[in-house]
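Novice: Can you keep this structure in mind? I'll have questions shortly.
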Amino acid sequence: MEIYSVTQVNTYIQSMMDSDKLLAGLCIRGEISNYKVYPSGHHYFSLKDATGAIRCVMFKSSAARLRFRPEGGMKVLAFGRVSVFPRDGAYQLYCTNLTPDGVGDLHAAFEQLKAKLQTQGLFAPEHKKPLPRYPGTIAIITSPAGAAVHDMLRILRKRYPLTKVLILGVRVQGAEAPAELCGAIRYVNRWDLADLIITGRGGGSMEDLWAFNDENLARTIYESRIPVISAVGHEPDVTISDYVADLRAATPSNAAELAVPDRQALEQQLRSMASAMAANLSKHVRLNRQRLKVLGAARPLQSPTAYLDDRRLLLDGLFRRLCAAQQQRLAKSRRQSVALAAALDAMSPLKVLTRGYAMAQTEAGALLQSVDQVHPGDRVTLSLCDGTIQAGVQAVEKKGGSYEPGQ
(Lines give C-alpha, C1' and ligand atoms only; values in the text may rest on other atoms or scores of the structure.)
Protein backbone atom coordinates (compact mmCIF):
# COMPACT_ATOMS: atom_id res chain seq x y z
CA MET A 1 0.00 0.00 0.00
CA GLU A 2 1.29 3.44 -0.98
CA ILE A 3 1.58 5.98 1.84
CA TYR A 4 0.71 9.68 1.25
CA SER A 5 1.49 12.78 3.22
CA VAL A 6 -1.20 15.11 4.55
CA THR A 7 -0.18 17.78 2.09
CA GLN A 8 -0.41 15.33 -0.82
CA VAL A 9 -3.94 14.37 0.18
CA ASN A 10 -5.03 17.99 0.62
CA THR A 11 -3.46 18.97 -2.69
CA TYR A 12 -5.19 16.07 -4.47
CA ILE A 13 -8.54 17.02 -3.04
CA GLN A 14 -7.89 20.63 -4.03
CA SER A 15 -7.13 19.63 -7.62
CA MET A 16 -10.28 17.52 -7.75
CA MET A 17 -12.45 20.37 -6.49
CA ASP A 18 -10.80 22.92 -8.80
CA SER A 19 -11.52 20.71 -11.80
CA ASP A 20 -15.21 20.36 -10.87
CA LYS A 21 -17.20 22.78 -13.02
CA LEU A 22 -20.03 22.98 -10.47
CA LEU A 23 -17.71 24.06 -7.68
CA ALA A 24 -15.86 26.50 -9.93
CA GLY A 25 -18.78 28.95 -10.02
CA LEU A 26 -21.39 28.75 -7.30
CA CYS A 27 -24.09 31.07 -5.98
CA ILE A 28 -24.91 30.24 -2.37
CA ARG A 29 -27.79 31.67 -0.35
CA GLY A 30 -27.23 31.94 3.41
CA GLU A 31 -27.02 34.06 6.52
CA ILE A 32 -23.77 35.81 7.45
CA SER A 33 -22.18 35.01 10.82
CA ASN A 34 -18.82 35.76 12.46
CA TYR A 35 -18.02 38.49 9.92
CA LYS A 36 -14.50 39.87 10.45
CA VAL A 37 -12.24 42.21 8.50
CA TYR A 38 -8.53 41.63 9.08
CA PRO A 39 -5.81 44.31 8.85
CA SER A 40 -4.75 42.76 5.56
CA GLY A 41 -8.06 43.87 4.08
CA HIS A 42 -9.37 40.33 3.60
CA HIS A 43 -12.89 39.54 4.85
CA TYR A 44 -13.64 36.26 6.66
CA PHE A 45 -17.12 35.00 7.54
CA SER A 46 -19.41 32.01 7.52
CA LEU A 47 -22.62 31.34 5.63
CA LYS A 48 -25.20 29.24 7.42
CA ASP A 49 -28.71 27.97 7.03
CA ALA A 50 -30.95 25.91 9.29
CA THR A 51 -28.75 22.77 9.21
CA GLY A 52 -25.29 23.68 7.95
CA ALA A 53 -22.53 26.23 7.55
CA ILE A 54 -19.62 26.90 5.23
CA ARG A 55 -16.53 29.04 5.76
CA CYS A 56 -15.97 31.90 3.34
CA VAL A 57 -13.19 34.30 2.47
CA MET A 58 -13.31 37.45 0.34
CA PHE A 59 -9.95 38.85 -0.59
CA LYS A 60 -9.18 42.57 -0.44
CA SER A 61 -9.46 43.09 -4.21
CA SER A 62 -13.00 41.68 -4.27
CA ALA A 63 -14.06 43.37 -1.01
CA ALA A 64 -13.08 46.77 -2.43
CA ARG A 65 -15.99 46.48 -4.90
CA LEU A 66 -18.60 46.07 -2.16
CA ARG A 67 -21.20 48.88 -2.17
CA PHE A 68 -22.68 47.93 1.20
CA ARG A 69 -21.35 46.89 4.59
CA PRO A 70 -21.96 43.18 5.34
CA GLU A 71 -23.17 42.48 8.87
CA GLY A 72 -23.94 39.43 10.95
CA GLY A 73 -27.45 38.10 10.47
CA MET A 74 -27.77 39.57 6.96
CA LYS A 75 -29.16 37.20 4.31
CA VAL A 76 -27.01 37.33 1.18
CA LEU A 77 -26.20 35.66 -2.11
CA ALA A 78 -22.49 34.76 -2.28
CA PHE A 79 -20.79 34.10 -5.63
CA GLY A 80 -17.48 32.29 -5.92
CA ARG A 81 -15.71 28.95 -6.07
CA VAL A 82 -15.32 26.20 -3.49
CA SER A 83 -11.85 24.82 -2.94
CA VAL A 84 -9.53 23.48 -0.24
CA PHE A 85 -6.84 25.42 1.55
CA PRO A 86 -4.05 22.82 1.65
CA ARG A 87 -2.48 24.11 4.84
CA ASP A 88 -5.64 23.52 6.92
CA GLY A 89 -7.30 20.81 4.88
CA ALA A 90 -10.61 22.66 5.18
CA TYR A 91 -12.74 23.58 2.20
CA GLN A 92 -14.21 27.07 1.93
CA LEU A 93 -15.95 29.42 -0.45
CA TYR A 94 -13.62 31.91 -2.13
CA CYS A 95 -16.21 34.69 -2.52
CA THR A 96 -15.82 37.19 -5.36
CA ASN A 97 -19.17 38.97 -5.08
CA LEU A 98 -21.72 39.47 -2.32
CA THR A 99 -25.29 40.74 -2.79
CA PRO A 100 -28.07 41.19 -0.23
CA ASP A 101 -30.75 38.58 -0.75
CA GLY A 102 -33.99 40.10 -2.04
CA VAL A 103 -32.58 43.60 -2.78
CA GLY A 104 -29.69 44.94 -4.76
CA ASP A 105 -26.38 45.90 -3.17
CA LEU A 106 -26.94 49.57 -4.08
CA HIS A 107 -30.25 49.61 -2.26
CA ALA A 108 -28.70 47.96 0.78
CA ALA A 109 -25.82 50.45 0.78
CA PHE A 110 -28.29 53.32 0.46
CA GLU A 111 -30.37 52.15 3.44
CA GLN A 112 -27.27 51.55 5.58
CA LEU A 113 -25.83 55.01 4.92
CA LYS A 114 -29.22 56.62 5.39
CA ALA A 115 -29.65 54.97 8.80
CA LYS A 116 -26.09 55.91 9.83
CA LEU A 117 -26.39 59.61 8.92
CA GLN A 118 -29.87 59.87 10.38
CA THR A 119 -28.58 58.52 13.69
CA GLN A 120 -25.80 61.12 13.63
CA GLY A 121 -28.35 63.94 13.16
CA LEU A 122 -27.43 65.03 9.62
CA PHE A 123 -31.09 64.97 8.57
CA ALA A 124 -32.42 66.84 11.63
CA PRO A 125 -34.80 69.71 10.69
CA GLU A 126 -33.20 72.08 13.22
CA HIS A 127 -29.98 72.02 11.16
CA LYS A 128 -31.72 73.13 7.95
CA LYS A 129 -30.75 76.67 6.96
CA PRO A 130 -33.42 79.02 5.55
CA LEU A 131 -33.06 80.01 1.91
CA PRO A 132 -32.45 83.68 1.08
CA ARG A 133 -35.66 85.32 -0.12
CA TYR A 134 -33.96 87.34 -2.84
CA PRO A 135 -30.60 85.67 -3.67
CA GLY A 136 -28.11 87.96 -5.32
CA THR A 137 -25.96 85.11 -6.72
CA ILE A 138 -26.79 81.44 -7.18
CA ALA A 139 -24.07 78.83 -7.71
CA ILE A 140 -25.19 75.87 -9.83
CA ILE A 141 -22.96 72.82 -9.39
CA THR A 142 -23.73 70.27 -12.09
CA SER A 143 -22.61 69.00 -15.46
CA PRO A 144 -22.31 71.94 -17.89
CA ALA A 145 -23.27 69.64 -20.78
CA GLY A 146 -26.51 68.34 -19.33
CA ALA A 147 -30.02 69.51 -20.16
CA ALA A 148 -30.68 70.22 -16.46
CA VAL A 149 -28.44 73.31 -16.35
CA HIS A 150 -30.13 74.82 -19.42
CA ASP A 151 -33.57 74.28 -17.89
CA MET A 152 -32.47 75.96 -14.66
CA LEU A 153 -30.95 78.96 -16.49
CA ARG A 154 -34.11 79.42 -18.56
CA ILE A 155 -36.37 79.37 -15.50
CA LEU A 156 -34.10 81.65 -13.45
CA ARG A 157 -33.97 84.25 -16.25
CA LYS A 158 -37.73 84.14 -16.62
CA ARG A 159 -38.65 84.23 -12.93
CA TYR A 160 -36.03 86.55 -11.45
CA PRO A 161 -33.54 88.11 -13.91
CA LEU A 162 -31.97 90.23 -11.16
CA THR A 163 -30.05 87.26 -9.73
CA LYS A 164 -26.58 86.37 -11.00
CA VAL A 165 -25.82 82.73 -11.85
CA LEU A 166 -22.41 81.10 -11.36
CA ILE A 167 -22.01 77.69 -13.03
CA LEU A 168 -19.38 75.30 -11.67
CA GLY A 169 -19.05 72.41 -14.09
CA VAL A 170 -18.34 69.01 -12.51
CA ARG A 171 -18.89 65.38 -13.31
CA VAL A 172 -22.12 64.02 -11.86
CA GLN A 173 -21.59 60.35 -12.65
CA GLY A 174 -18.75 57.94 -12.09
CA ALA A 175 -16.13 57.32 -9.41
CA GLU A 176 -14.63 60.83 -9.66
CA ALA A 177 -17.96 62.66 -9.39
CA PRO A 178 -18.32 62.77 -5.54
CA ALA A 179 -14.88 64.34 -5.07
CA GLU A 180 -15.57 67.00 -7.71
CA LEU A 181 -18.98 67.82 -6.20
CA CYS A 182 -17.42 68.15 -2.73
CA GLY A 183 -14.62 70.35 -4.05
CA ALA A 184 -17.03 72.70 -5.82
CA ILE A 185 -19.22 73.14 -2.72
CA ARG A 186 -16.18 73.83 -0.53
CA TYR A 187 -14.84 76.30 -3.12
CA VAL A 188 -18.06 78.34 -3.14
CA ASN A 189 -18.10 78.41 0.67
CA ARG A 190 -14.42 79.31 1.02
CA TRP A 191 -14.62 82.36 -1.23
CA ASP A 192 -18.23 83.26 -0.37
CA LEU A 193 -19.18 83.28 -4.05
CA ALA A 194 -22.94 82.86 -3.74
CA ASP A 195 -25.96 83.27 -1.51
CA LEU A 196 -27.41 79.90 -2.52
CA ILE A 197 -26.11 76.63 -3.98
CA ILE A 198 -28.04 74.29 -6.28
CA THR A 199 -26.47 70.90 -6.94
CA GLY A 200 -27.92 68.02 -8.89
CA ARG A 201 -28.43 66.43 -12.28
CA GLY A 202 -31.09 65.04 -14.57
CA GLY A 203 -32.76 61.66 -14.22
CA GLY A 204 -31.19 58.24 -14.61
CA SER A 205 -30.86 54.84 -13.04
CA MET A 206 -29.81 54.31 -9.45
CA GLU A 207 -26.29 53.60 -10.68
CA ASP A 208 -26.28 56.90 -12.63
CA LEU A 209 -27.37 58.86 -9.54
CA TRP A 210 -25.08 57.02 -7.14
CA ALA A 211 -22.59 59.90 -6.83
CA PHE A 212 -25.22 61.78 -4.80
CA ASN A 213 -25.37 58.91 -2.30
CA ASP A 214 -21.74 59.42 -1.30
CA GLU A 215 -21.07 59.87 2.43
CA ASN A 216 -18.37 62.53 1.94
CA LEU A 217 -20.71 64.55 -0.27
CA ALA A 218 -23.45 64.31 2.37
CA ARG A 219 -21.12 65.62 5.07
CA THR A 220 -19.87 68.42 2.78
CA ILE A 221 -23.46 69.57 2.16
CA TYR A 222 -24.16 69.38 5.90
CA GLU A 223 -21.09 71.52 6.70
CA SER A 224 -21.87 74.12 4.00
CA ARG A 225 -22.34 77.58 5.45
CA ILE A 226 -24.33 78.54 2.33
CA PRO A 227 -27.81 76.98 1.98
CA VAL A 228 -27.94 74.06 -0.47
CA ILE A 229 -30.83 72.86 -2.66
CA SER A 230 -30.51 69.25 -3.85
CA ALA A 231 -32.11 68.58 -7.23
CA VAL A 232 -31.30 65.04 -8.36
CA GLY A 233 -33.19 63.13 -11.01
CA HIS A 234 -36.96 63.07 -11.24
CA GLU A 235 -39.54 63.34 -8.48
CA PRO A 236 -39.51 59.61 -7.50
CA ASP A 237 -35.70 59.62 -7.25
CA VAL A 238 -34.43 60.21 -3.71
CA THR A 239 -30.76 60.35 -2.75
CA ILE A 240 -28.79 60.90 0.45
CA SER A 241 -28.04 64.44 -0.74
CA ASP A 242 -31.78 65.14 -0.78
CA TYR A 243 -32.06 64.17 2.89
CA VAL A 244 -29.10 66.24 4.11
CA ALA A 245 -29.64 69.33 1.94
CA ASP A 246 -31.45 72.38 3.31
CA LEU A 247 -34.19 71.85 0.71
CA ARG A 248 -35.00 69.00 -1.65
CA ALA A 249 -36.34 69.81 -5.11
CA ALA A 250 -38.21 67.22 -7.15
CA THR A 251 -36.30 68.14 -10.32
CA PRO A 252 -33.62 70.65 -11.36
CA SER A 253 -36.37 72.83 -12.89
CA ASN A 254 -38.25 72.74 -9.60
CA ALA A 255 -35.04 73.79 -7.82
CA ALA A 256 -34.85 76.92 -9.97
CA GLU A 257 -38.50 77.70 -9.12
CA LEU A 258 -37.87 77.25 -5.41
CA ALA A 259 -34.65 79.29 -5.43
CA VAL A 260 -36.05 82.62 -6.60
CA PRO A 261 -39.36 84.50 -6.39
CA ASP A 262 -41.60 84.94 -9.42
CA ARG A 263 -41.07 88.31 -11.11
CA GLN A 264 -44.70 88.61 -12.15
CA ALA A 265 -45.91 87.86 -8.63
CA LEU A 266 -43.45 90.44 -7.25
CA GLU A 267 -44.65 93.06 -9.72
CA GLN A 268 -48.26 92.37 -8.78
CA GLN A 269 -47.36 92.58 -5.10
CA LEU A 270 -45.53 95.88 -5.64
CA ARG A 271 -48.50 97.31 -7.55
CA SER A 272 -50.81 96.29 -4.72
CA MET A 273 -48.49 97.85 -2.15
CA ALA A 274 -48.20 101.08 -4.18
CA SER A 275 -51.99 101.26 -4.48
CA ALA A 276 -52.41 100.69 -0.75
CA MET A 277 -49.78 103.33 0.06
CA ALA A 278 -51.45 105.87 -2.27
CA ALA A 279 -54.87 105.22 -0.70
CA ASN A 280 -53.40 105.53 2.79
CA LEU A 281 -51.58 108.76 1.90
CA SER A 282 -54.76 110.22 0.37
CA LYS A 283 -56.69 109.37 3.51
CA HIS A 284 -54.09 111.10 5.72
CA VAL A 285 -54.11 114.20 3.49
CA ARG A 286 -57.92 114.36 3.66
CA LEU A 287 -57.98 113.99 7.44
CA ASN A 288 -55.26 116.62 7.89
CA ARG A 289 -57.14 119.03 5.65
CA GLN A 290 -60.26 118.59 7.76
CA ARG A 291 -58.26 119.14 10.90
CA LEU A 292 -56.62 122.24 9.44
CA LYS A 293 -60.05 123.60 8.53
CA VAL A 294 -61.32 123.09 12.08
CA LEU A 295 -58.22 124.71 13.56
CA GLY A 296 -58.47 127.63 11.13
CA ALA A 297 -62.03 128.35 12.25
CA ALA A 298 -61.04 128.43 15.93
CA ARG A 299 -61.41 131.81 17.73
CA PRO A 300 -57.71 132.17 18.70
CA LEU A 301 -56.77 132.15 15.03
CA GLN A 302 -59.72 134.28 13.94
CA SER A 303 -59.15 136.96 16.64
CA PRO A 304 -55.99 136.47 18.75
CA THR A 305 -56.62 139.65 20.86
CA ALA A 306 -60.15 138.54 21.76
CA TYR A 307 -58.77 135.24 22.91
CA LEU A 308 -56.22 137.05 25.10
CA ASP A 309 -58.97 139.29 26.53
CA ASP A 310 -61.02 136.26 27.48
CA ARG A 311 -58.02 134.70 29.18
CA ARG A 312 -57.27 137.95 31.01
CA LEU A 313 -60.83 138.16 32.37
CA LEU A 314 -60.66 134.53 33.44
CA LEU A 315 -57.38 135.21 35.22
CA ASP A 316 -58.86 138.22 37.06
CA GLY A 317 -61.82 136.14 38.23
CA LEU A 318 -59.49 133.43 39.50
CA PHE A 319 -57.41 136.07 41.33
CA ARG A 320 -60.48 137.49 43.09
CA ARG A 321 -61.66 134.04 44.10
CA LEU A 322 -58.21 133.21 45.44
CA CYS A 323 -58.05 136.42 47.51
CA ALA A 324 -61.53 135.85 48.97
CA ALA A 325 -60.66 132.30 49.88
CA GLN A 326 -57.47 133.49 51.55
CA GLN A 327 -59.38 136.11 53.61
CA GLN A 328 -61.91 133.53 54.72
CA ARG A 329 -59.13 131.21 55.71
CA LEU A 330 -57.36 133.92 57.77
CA ALA A 331 -60.59 134.92 59.57
CA LYS A 332 -61.31 131.33 60.47
CA SER A 333 -57.76 130.90 61.80
CA ARG A 334 -58.09 134.08 63.93
CA ARG A 335 -61.33 132.81 65.50
CA GLN A 336 -59.73 129.50 66.31
CA SER A 337 -56.69 131.26 67.83
CA VAL A 338 -58.87 133.46 70.07
CA ALA A 339 -60.87 130.48 71.32
CA LEU A 340 -57.71 128.52 72.11
CA ALA A 341 -56.16 131.50 73.92
CA ALA A 342 -59.28 131.90 76.05
CA ALA A 343 -59.28 128.24 76.98
CA LEU A 344 -55.59 128.39 77.83
CA ASP A 345 -56.06 131.52 79.94
CA ALA A 346 -58.88 129.89 81.87
CA MET A 347 -56.63 126.99 82.76
CA SER A 348 -53.65 129.19 83.76
CA PRO A 349 -52.50 128.89 87.46
CA LEU A 350 -51.82 132.59 87.55
CA LYS A 351 -55.47 133.28 86.82
CA VAL A 352 -56.37 131.26 89.88
CA LEU A 353 -53.92 133.24 92.03
CA THR A 354 -55.68 136.51 91.22
CA ARG A 355 -58.72 135.19 93.05
CA GLY A 356 -56.84 135.00 96.41
CA TYR A 357 -55.22 131.61 96.17
CA ALA A 358 -51.53 130.82 96.73
CA MET A 359 -49.25 128.14 95.27
CA ALA A 360 -46.86 126.41 97.70
CA GLN A 361 -43.52 124.85 96.67
CA THR A 362 -40.87 122.90 98.57
CA GLU A 363 -37.29 124.10 98.87
CA ALA A 364 -36.49 121.87 95.91
CA GLY A 365 -39.09 123.71 93.83
CA ALA A 366 -41.57 120.85 93.72
CA LEU A 367 -45.25 121.75 93.80
CA LEU A 368 -46.59 121.10 97.30
CA GLN A 369 -49.60 118.84 96.99
CA SER A 370 -49.53 116.79 100.23
CA VAL A 371 -48.55 117.37 103.91
CA ASP A 372 -46.36 114.30 103.59
CA GLN A 373 -43.95 116.34 101.47
CA VAL A 374 -42.82 118.57 104.37
CA HIS A 375 -41.88 118.29 108.00
CA PRO A 376 -41.71 120.86 110.79
CA GLY A 377 -38.76 123.13 110.24
CA ASP A 378 -38.80 122.85 106.42
CA ARG A 379 -38.79 125.96 104.27
CA VAL A 380 -41.54 126.52 101.69
CA THR A 381 -42.24 129.20 99.09
CA LEU A 382 -45.69 130.69 98.66
CA SER A 383 -46.45 132.23 95.25
CA LEU A 384 -49.15 134.92 95.19
CA CYS A 385 -50.48 136.97 92.30
CA ASP A 386 -48.10 139.83 93.03
CA GLY A 387 -45.01 138.05 94.48
CA THR A 388 -43.62 135.25 96.69
CA ILE A 389 -43.33 134.61 100.46
CA GLN A 390 -40.61 132.53 102.12
CA ALA A 391 -42.06 130.69 105.18
CA GLY A 392 -41.13 127.98 107.62
CA VAL A 393 -43.22 124.95 108.68
CA GLN A 394 -43.98 124.91 112.40
CA ALA A 395 -46.37 121.99 112.47
CA VAL A 396 -47.94 119.43 110.12
CA GLU A 397 -51.49 118.11 110.60
CA LYS A 398 -53.26 115.58 108.43
CA LYS A 399 -56.97 115.50 108.01
CA GLY A 400 -58.39 113.02 110.44
CA GLY A 401 -54.85 112.16 111.49
CA SER A 402 -52.30 112.98 114.22
CA TYR A 403 -50.76 116.32 114.99
CA GLU A 404 -47.00 116.74 114.67
CA PRO A 405 -45.66 119.74 116.75
CA GLY A 406 -42.90 121.97 115.59
CA GLN A 407 -39.30 121.72 116.76
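Identifiers in this document derive from the order of the C-alpha coordinates: chains are assigned A, B, ..., residues are numbered from 1 separately in each chain, and ligands are numbered from 1 in order of occurrence.
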DSSP on the backbone, alpha helix (DSSP H) only: what residues of segment 39-217 of chain A does that give? Format it as a ChimeraX atom specification.
Specialist: /A:60-63,105-119,147-159,177-190,215-217
Novice: Extract, using only C-alpha atoms, all DNA, RNA and protein residues at most 9 Å from Phe212 of chain A, discarding same-chain residues fewer than 4 positions from it, and format them as a PyMOL selection string.
Specialist: chain A and resi 172-173+177-178+181+200+217-218+232+239-242
Novice: Could you check the closest approach to Ala63 of chain A for each of A:Phe79, A:His42, A:Val9, A:Gly204 and tell me which residue wins, using only C-alpha atoms?
Specialist: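 Looking only at the distances to Ala63 of chain A, the closest residue turns out to be A:His42.
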Novice: Neighbouring residues of segment 31-40 of chain A were defined as those with any atom within 8 Å, considering only C-alpha atoms; residues of the same chain fewer than 6 positions away were excluded. Please report them as a PyMOL selection string.
Specialist: chain A and resi 46-49+60+70-76
Novice: Between atom CA of Ala366 of chain A and atom CA of Ala395 of chain A, what distance in Å does the model show, to one decimal?
Specialist: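 According to the coordinates, atom CA of Ala366 of chain A and atom CA of Ala395 of chain A are separated by 19.4 Å.
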Novice: What separation in Å, quoted to one decimal, exists between atom CA of Ala194 of chain A and atom CA of Ala147 of chain A?
Specialist: 22.3 Å
Novice: Between A:Ala256, A:Leu196, A:Ala249, A:Leu308, which one has atoms that come closest to Val228 of chain A, using only C-alpha atoms?
Specialist: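 Closest to Val228 of chain A of all the choices is A:Leu196.
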Novice: Got a sec to tell me which of segment 67-287 of chain A DSSP assigns to strand (DSSP E or B), as a PyMOL selection string?
Specialist: chain A and resi 75-85+90-100+137-142+164-169+196-201+228-232+247-249
Novice: Just the number, please: distance in Å from atom CA of Pro125 of chain A to atom CA of Leu193 of chain A, one decimal.
Specialist: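 Value for the atom CA of Pro125 of chain A-atom CA of Leu193 of chain A distance: 25.4 Å.
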Novice: Taking 4 positions as the minimum chain separation for residues in the same chain, which residues sit within 9 Å of Lys158 of chain A when counting only C-alpha atoms? Answer as a PyMOL selection string.
Specialist: chain A and resi 153-154+262-263
Novice: Between A:Leu287, A:Ile155, A:Leu113, A:Leu318, single out the one closest to Arg219 of chain A, counting only C-alpha atoms.
Specialist: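 Counting only C-alpha atoms, the residue closest to Arg219 of chain A is A:Leu113.
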Novice: Have a look at A:Gln120, A:Thr163, A:Thr99, A:Ser62 and name the one nearest to Pro135 of chain A; count only C-alpha atoms.
Specialist: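 Between A:Gln120, A:Thr163, A:Thr99, A:Ser62, the residue approaching Pro135 of chain A most closely is A:Thr163.
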Novice: Would you please work out which residue, of A:Leu340, A:Leu156, A:Val285, A:Ala274, is nearest to Glu257 of chain A when using only C-alpha atoms?
Specialist: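 That would be A:Leu156, the residue with the smallest distance to Glu257 of chain A.
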Novice: Using only C-alpha atoms for the distances, tell me which of A:Ile185, A:Ile141, A:Ala341, A:Leu131 is nearest to Ile167 of chain A.
Specialist: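 Comparing A:Ile185, A:Ile141, A:Ala341, A:Leu131 against Ile167 of chain A, the winner is A:Ile141.
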